[in-house]
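Notes for the one structure printed next.
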Amino acid sequence: MNFIKGIIILFLFHGTFGFQQNGYFDYLEKKSLRMIQNRKRTLMEWNRKEGNFTSFNNTMIPSIIFIEQLALPKKEEVEKIDIIDEKPKMNFSNIGGYREIKNELIQMKELLVDIDKYKDYNIRIPKGLLLEGPPGNGKTLLAKCFAGECGFDFLSVSGAEFNEKYVGVGAARVRELFEKAKKKQPCVLFIDELDAIGGKRSTDTEGSSNERFQTLNQLLVSMDGYDSDTMKKIFIIAATNRKDILDEALLRSGRFDKIVHVPNPDSETREKIIEIHRVKKPISLLLNLEDIVELTKGMSGADIENILNEASLLALRRNTTVDSIKILEEIRDRILIGTTNQKRELSMVVKERVAIHECGHLLVSLMCPLHEKPTKVTIESSGQGTLGYTFFSISEDKVGLYSKQFLKERIMTLLGGRVAEEIFFNGEVSTGAVDDLYKVMDIAKKMVVEHGMVRKPIFSFISEYGKEIADKQIQLIIEEAYNDVYTLLERNKDLLYWYSKELLFQNTLQKYNIYCLIELGLKKYPSNDFKNI
């Protein structure tokens, strides 16, 4: 009997509450409106009391106003995300070179296309692929061509699309992205600039950080959802230039199972890229392909395409074709150094100083057996802030691994210009070496702090004592290099002066002329310091 009474009382309670619920919410809304009106009146009375009014079009407007919450952006107005949805018609034949990377992606294609075959052998299909490397090397193009090779839809979005100041918006956009991917299966889901949302989490409690962390957490959870049958035909590819700042949870196996480095192209890849981008352009077929490959050492694929495109535009404006490597060199210099419309009329004194400075760099590099050799030196520059420069070939076999002696020789070459000025102008140096000195400091600091290339490596920089030891060792490296350079150039002072006169006369020397002149100069002024020429 008591049990039945309890049920009746509970029923009457819920009925009464349901009947009064709408009235209760109306009461809360009216109370909130009254509170807003009271605050407005209080603020207006305070403005009148303090005289906080400004005149605008003969109307007195209070300087401090009350902003209602209704004026703020609504949630549904900021939750939209721009997702590029397309069916790529390109495949790996549209990408030049990168043979090993394409082979790796082709293996991934076989897994995704014949997914049921591998499921029978209890093999887990990889969920994600991370493309990382310097910008301009075709990470986005690789992802798009991979989708075209597989015959999948391609959904593309930028990591910056998820960033918003309102907490929870980024996570909602991630859910929206994966919901659309579910409907488009099979598909490739591409997230560009992953570091915008995938940075390492910290204990920072700032609002913007909380929003980014929520977005990252939602991405991690969504990628874990691949185990379900509803998402088994979605493959995610992400691209970043900063793999070092990504959160570890994002890089673990089971999320991004494979990490592929996309570096600047080697000689074989550059040759393929050039062959693709020179098609139909006004570039003469008589132009030696090997010369273009050599000219573009150390450049990204985007830089190579830009050089060929700019050279073609220049040739069309001149109503001719690109039939000389000098045209491509001119474009390369404009891209790397920059251009300015400022007309320079330099005095002979300034030109002589610039010639001495650049020859100092050049001769020191020729005397250093491990340093890259010069390919061009000029005292005519179209760039802002530079009057001359020296180009060096990039040794592809040394990229990423440098010895202590090599780095020391690089410091010596950078100091060569300043020391040459000091020798010939009685210790009177100019501001022309400011960029060289910044680079010298950076190399010496890394030798001490990061690489431990000193007699007593430093493992602690917390104390001021440790920083002081580091500064002393950095200073010691630079001083030793400076003294060596001074000795070399003082010993070859006559050759340096003669060479600077030749440069002053010709303004620009290419690789062939550089070595012809140095051989001629050594006959006039013999020296045992040039052993590798």
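For the structure tokens, the naming scheme is as follows: chains receive sequential letters (A, B, ...) according to their order of presentation, residues are indexed from 1 within each chain, and ligands are indexed from 1 in presentation order.
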
Within 12 Å of A:Glu428, counting only C-alpha atoms, which residues qualify if same-chain residues fewer than 5 places away don't, as an MDAnalysis selection string? chainID A and resid 353 418:423

Determine, counting only C-alpha atoms, which protein, DNA and RNA residues have an atom within 9 Å of an atom of stretch 516-525 of chain A; residues of the same chain fewer than 4 positions away are not included. Present the result as a list in words. Leu363, Asn492, Asp494, Leu495, Trp498, Tyr499, Glu502, Lys511, Tyr512, Phe530 and Ile533 of chain A

I need the helix (DSSP H, G or I) residues of stretch 329-481 of chain A per DSSP on the backbone, written as a PyMOL selection string. chain A and resi 329-337+348-367+396-398+404-424+431-449+464-481

Between atom CA of A:Val364 and atom CA of A:Ile335, what is the distance, to one decimal in Å? 26.3 Å

Residue among A:Pro265, A:Gly254, A:Gly148, A:Gly159 lying closest to A:Arg99, counting only C-alpha atoms: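 Selected residue with least distance to A:Arg99: A:Pro265.
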
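The residue that comes closest to A:Ile115, out of A:Phe178, A:Phe190, A:Phe235, A:Phe213 and on the basis of only C-alpha atoms, is A:Phe235.
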
Pick from A:Gly416, A:Gly199, A:Gly301, A:Gly138 nearest to A:Val440, counting only C-alpha atoms: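 Using only C-alpha atoms, the shortest distance to A:Val440 belongs to A:Gly416.
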
According to DSSP computed on the backbone, where in stretch 144-285 of chain A is there strand (DSSP E or B)? Give the residues as a ChimeraX atom specification. /A:153-158,187-192,199,234-240,246,258-261,283

Rounded to one decimal, what separation in Å do you get between atom CA of A:Ile95 and atom CA of A:Phe146? 10.5 Å

Residues within 12 Å of A:Arg332, only C-alpha atoms, excluding chain neighbours under 6 positions, as number ranges by chain: A: 292, 295-297, 299, 303-311, 325-326, 338-339, 376, 382-383, 391

Since we have the selection now, will you write its residues out, keeping C-alpha atoms, as a PDB file, in the first residue's frame?
ATOM      1  CA  ILE A 292      69.904  23.500 -64.640  1.00  0.00           C
ATOM      2  CA  LEU A 295      72.013  25.508 -60.673  1.00  0.00           C
ATOM      3  CA  THR A 296      69.064  24.417 -58.507  1.00  0.00           C
ATOM      4  CA  LYS A 297      71.057  22.549 -55.833  1.00  0.00           C
ATOM      5  CA  MET A 299      66.213  24.282 -53.707  1.00  0.00           C
ATOM      6  CA  ASP A 303      61.598  27.089 -56.003  1.00  0.00           C
ATOM      7  CA  ILE A 304      62.553  25.141 -59.134  1.00  0.00           C
ATOM      8  CA  GLU A 305      59.111  25.650 -60.659  1.00  0.00           C
ATOM      9  CA  ASN A 306      59.251  29.351 -59.774  1.00  0.00           C
ATOM     10  CA  ILE A 307      62.650  29.826 -61.444  1.00  0.00           C
ATOM     11  CA  LEU A 308      61.501  28.158 -64.679  1.00  0.00           C
ATOM     12  CA  ASN A 309      58.238  30.105 -64.663  1.00  0.00           C
ATOM     13  CA  GLU A 310      59.878  33.490 -64.020  1.00  0.00           C
ATOM     14  CA  ALA A 311      62.522  32.804 -66.678  1.00  0.00           C
ATOM     15  CA  ILE A 325      71.923  29.400 -68.298  1.00  0.00           C
ATOM     16  CA  LYS A 326      72.707  33.036 -67.434  1.00  0.00           C
ATOM     17  CA  GLY A 338      65.458  40.020 -53.900  1.00  0.00           C
ATOM     18  CA  THR A 339      65.067  43.037 -56.154  1.00  0.00           C
ATOM     19  CA  LYS A 376      79.596  32.824 -58.538  1.00  0.00           C
ATOM     20  CA  SER A 382      69.700  44.067 -57.193  1.00  0.00           C
ATOM     21  CA  GLY A 383      68.693  43.194 -53.640  1.00  0.00           C
ATOM     22  CA  PHE A 391      77.375  31.743 -54.094  1.00  0.00           C
TER      23      PHE A 391
END

Who sits within 7 Å of A:Glu372, only C-alpha atoms, same chain under 3 positions skipped, as number ranges by chain: A: 392-395

Quick one, how far is atom CA of A:Asp114 from atom CA of A:Met90? 20.9 Å

Residues within 7 Å of stretch 405-409 of chain A, please, as a ChimeraX atom specification. Count only C-alpha atoms; anything in the same chain fewer than 4 positions from it doesn't count. /A:368,370-371,413,481

Non-local contacts of A:Glu352 (8 Å; only C-alpha atoms; under 2 positions in same chain excluded) as a short mmCIF file (atom, residue, chain, number, x, y, z; two decimals) with N, CA and C atoms, in the first residue's frame:
data_model
loop_
_atom_site.label_atom_id
_atom_site.label_comp_id
_atom_site.auth_asym_id
_atom_site.auth_seq_id
_atom_site.Cartn_x
_atom_site.Cartn_y
_atom_site.Cartn_z
N MET A 348 83.66 54.66 -56.63
CA MET A 348 84.71 53.67 -56.83
C MET A 348 85.27 53.19 -55.49
N VAL A 349 85.28 54.04 -54.47
CA VAL A 349 85.79 53.65 -53.16
C VAL A 349 84.91 52.55 -52.56
N VAL A 350 83.58 52.70 -52.70
CA VAL A 350 82.65 51.69 -52.17
C VAL A 350 82.79 50.39 -52.95
N VAL A 354 83.74 46.64 -51.53
CA VAL A 354 82.88 45.47 -51.74
C VAL A 354 83.66 44.36 -52.44
N ALA A 355 84.50 44.73 -53.41
CA ALA A 355 85.31 43.73 -54.13
C ALA A 355 86.30 43.06 -53.17
N ILE A 356 86.95 43.83 -52.31
CA ILE A 356 87.87 43.26 -51.32
C ILE A 356 87.12 42.30 -50.39
N SER A 500 90.88 41.10 -56.45
CA SER A 500 89.82 42.10 -56.27
C SER A 500 89.78 43.08 -57.43
N LYS A 501 90.96 43.40 -58.00
CA LYS A 501 91.01 44.28 -59.17
C LYS A 501 90.33 43.63 -60.37
N LEU A 504 86.67 43.77 -59.76
CA LEU A 504 86.21 45.15 -59.94
C LEU A 504 86.06 45.48 -61.42
#
